[in-house]
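Structure data (TSV, C-alpha atoms) from query.tsv:
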chain	number	residue	atom	x	y	z
A	9	MET	CA	-64.57	13.57	-87.91
A	10	ASN	CA	-61.28	13.20	-89.78
A	11	PHE	CA	-58.20	12.66	-87.66
A	12	GLY	CA	-55.89	12.23	-90.66
A	13	ASP	CA	-54.41	8.79	-89.95
A	14	PRO	CA	-56.68	5.71	-90.01
A	15	ARG	CA	-54.21	4.01	-87.64
A	16	LEU	CA	-54.56	6.78	-85.05
A	17	PRO	CA	-57.02	4.96	-82.76
A	18	GLU	CA	-54.73	1.92	-82.56
A	19	ARG	CA	-51.63	4.08	-82.05
A	20	PHE	CA	-53.47	6.01	-79.34
A	21	TRP	CA	-54.84	3.02	-77.37
A	22	ASN	CA	-51.50	1.19	-77.49
A	23	LYS	CA	-50.04	3.99	-75.35
A	24	CYS	CA	-52.73	4.15	-72.64
A	25	ILE	CA	-52.99	2.15	-69.46
A	26	PRO	CA	-55.67	2.20	-66.75
A	27	GLU	CA	-54.50	3.27	-63.32
A	28	PRO	CA	-56.62	1.30	-60.79
A	29	ASN	CA	-56.31	3.65	-57.81
A	30	SER	CA	-57.40	6.90	-59.47
A	31	GLY	CA	-59.48	5.50	-62.32
A	32	CYS	CA	-57.41	7.56	-64.77
A	33	TRP	CA	-56.29	6.20	-68.13
A	34	LEU	CA	-52.66	7.26	-68.27
A	35	TRP	CA	-50.80	8.18	-71.45
A	36	PHE	CA	-47.25	6.84	-71.53
A	37	GLY	CA	-46.15	8.16	-74.92
A	38	ALA	CA	-44.64	11.54	-75.81
A	39	THR	CA	-45.51	14.48	-73.55
A	40	ASP	CA	-45.06	18.24	-73.57
A	41	SER	CA	-43.31	20.28	-70.89
A	42	HIS	CA	-46.48	20.26	-68.74
A	43	GLY	CA	-46.87	16.47	-68.80
A	44	ASP	CA	-49.80	16.47	-71.26
A	45	GLY	CA	-49.67	13.64	-73.79
A	46	GLN	CA	-48.86	14.50	-77.41
A	47	ILE	CA	-49.64	12.58	-80.59
A	48	THR	CA	-49.34	13.31	-84.31
A	49	ARG	CA	-52.77	12.99	-85.92
A	50	GLY	CA	-51.47	12.46	-89.43
A	51	ARG	CA	-48.03	12.57	-91.00
A	52	ARG	CA	-45.00	12.76	-88.75
A	53	THR	CA	-44.21	16.21	-90.13
A	54	GLU	CA	-47.55	17.60	-88.90
A	55	ARG	CA	-47.95	19.37	-85.60
A	56	LYS	CA	-48.63	17.28	-82.55
A	57	SER	CA	-51.96	17.43	-80.76
A	58	GLY	CA	-52.86	16.89	-77.11
A	59	THR	CA	-53.96	13.33	-76.40
A	60	HIS	CA	-56.60	14.61	-73.98
A	61	ARG	CA	-58.11	16.65	-76.86
A	62	TYR	CA	-58.09	13.58	-79.12
A	63	ALA	CA	-59.73	11.42	-76.41
A	64	TYR	CA	-62.39	14.07	-75.76
A	65	GLU	CA	-63.18	14.50	-79.47
A	66	ALA	CA	-63.28	10.74	-80.12
A	67	ALA	CA	-65.84	10.34	-77.31
A	68	ASN	CA	-67.86	13.57	-77.64
A	69	GLY	CA	-67.30	15.09	-81.07
A	70	PRO	CA	-65.61	18.34	-82.08
A	71	ILE	CA	-64.50	20.92	-79.54
A	72	ALA	CA	-66.12	24.33	-80.00
A	73	ASP	CA	-63.87	27.19	-81.10
A	74	GLY	CA	-62.23	29.03	-78.24
A	75	LEU	CA	-62.58	26.18	-75.74
A	76	VAL	CA	-59.87	24.08	-74.18
A	77	VAL	CA	-60.08	20.56	-72.75
A	78	ARG	CA	-59.36	20.41	-69.02
A	79	HIS	CA	-58.75	17.49	-66.68
A	80	ARG	CA	-61.31	17.07	-63.86
A	81	CYS	CA	-58.79	14.81	-62.14
A	82	ASP	CA	-55.90	17.30	-62.47
A	83	VAL	CA	-53.67	14.54	-63.92
A	84	PRO	CA	-52.01	15.88	-67.11
A	85	ALA	CA	-51.35	12.37	-68.49
A	86	CYS	CA	-55.01	11.28	-68.10
A	87	VAL	CA	-56.94	10.58	-71.32
A	88	LYS	CA	-60.11	9.05	-69.85
A	89	PRO	CA	-63.02	10.89	-71.54
A	90	ALA	CA	-65.08	10.88	-68.32
A	91	HIS	CA	-62.27	12.87	-66.64
A	92	LEU	CA	-62.20	15.54	-69.37
A	93	ILE	CA	-64.37	18.66	-69.74
A	94	THR	CA	-64.32	21.68	-72.00
A	95	GLY	CA	-63.98	25.17	-70.65
A	96	SER	CA	-62.23	28.48	-71.08
A	97	ALA	CA	-58.50	28.91	-70.77
A	98	VAL	CA	-58.95	31.41	-67.93
What would you get if you wrote out this structure as structure tokens?
Amino acid sequence: MNFGDPRLPERFWNKCIPEPNSGCWLWFGATDSHGDGQITRGRRTERKSGTHRYAYEAANGPIADGLVVRHRCDVPACVKPAHLITGSAV
């Protein structure tokens, strides 16, 4: 799996913090208008990607075409792989 930037894992984990009450791992970097974390996977000029998608792929492998990554915990900033599942957008 090629994420573009070999420093991506370090950049990603430096912006996560465990939340002891919910068990979530919260992203405290850039977010979109819905509160989902955003990170550039390669060069700064490239499009940003959802941090929950990156966390899911890093733990489970590629996401099948047409699927989205959803939060079981309903916390948009959560990037804990155990709290993430794939599903349809509907």
**OP:** Write out as a ChimeraX atom specification each polymer residue whose atoms come within 12 Å of Val77 of chain A, counting only C-alpha atoms; drop sequence neighbours fewer than 6 positions from it.
**Re:** /A:44,57-65,68,70-71,84,86-98
**OP:** Could you check which of A:Asp40, A:Ile47, A:Lys56, A:His79 is closest to Cys24 of chain A, using all atoms listed in the file?
**Re:** A:Ile47
Original post:
Can you tell me how far atom CA of Cys32 of chain A sits from atom CA of Val83 of chain A, in Å to one decimal?
Top reply: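 Going from atom CA of Cys32 of chain A over to atom CA of Val83 of chain A covers 8.0 Å.
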Original post:
Of the residues A:Arg78, A:Arg55, A:His42, A:Arg49, which is the one nearest to Glu18 of chain A, using all atoms listed in the file?
Top reply: A:Arg49
**OP:** Figure out the distance between atom CA of Gly43 of chain A and atom CA of Ala67 of chain A, please, to one decimal in Å.
**Re:**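 Separating atom CA of Ala67 of chain A from atom CA of Gly43 of chain A is a distance of 21.7 Å.
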Original post:
Which is closer to Trp35 of chain A than all the others in A:Val76, A:Asp82, A:Trp21, A:Leu16, using only C-alpha atoms?
Top reply: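 Nearest candidate to Trp35 of chain A out of A:Val76, A:Asp82, A:Trp21, A:Leu16: A:Trp21.
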Original post:
In Å, with one decimal, what is the gap from atom CA of Arg19 of chain A to atom CA of Leu34 of chain A?
Top reply: 14.2 Å
**OP:** Name the closest residue to Arg80 of chain A among the candidates A:Asn22, A:Thr39, A:Thr48, A:Ser30; distances are taken between atoms, counting all atoms listed in the file.
**Re:**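 Of A:Asn22, A:Thr39, A:Thr48, A:Ser30, the one nearest Arg80 of chain A, counting all atoms listed in the file, is A:Ser30.
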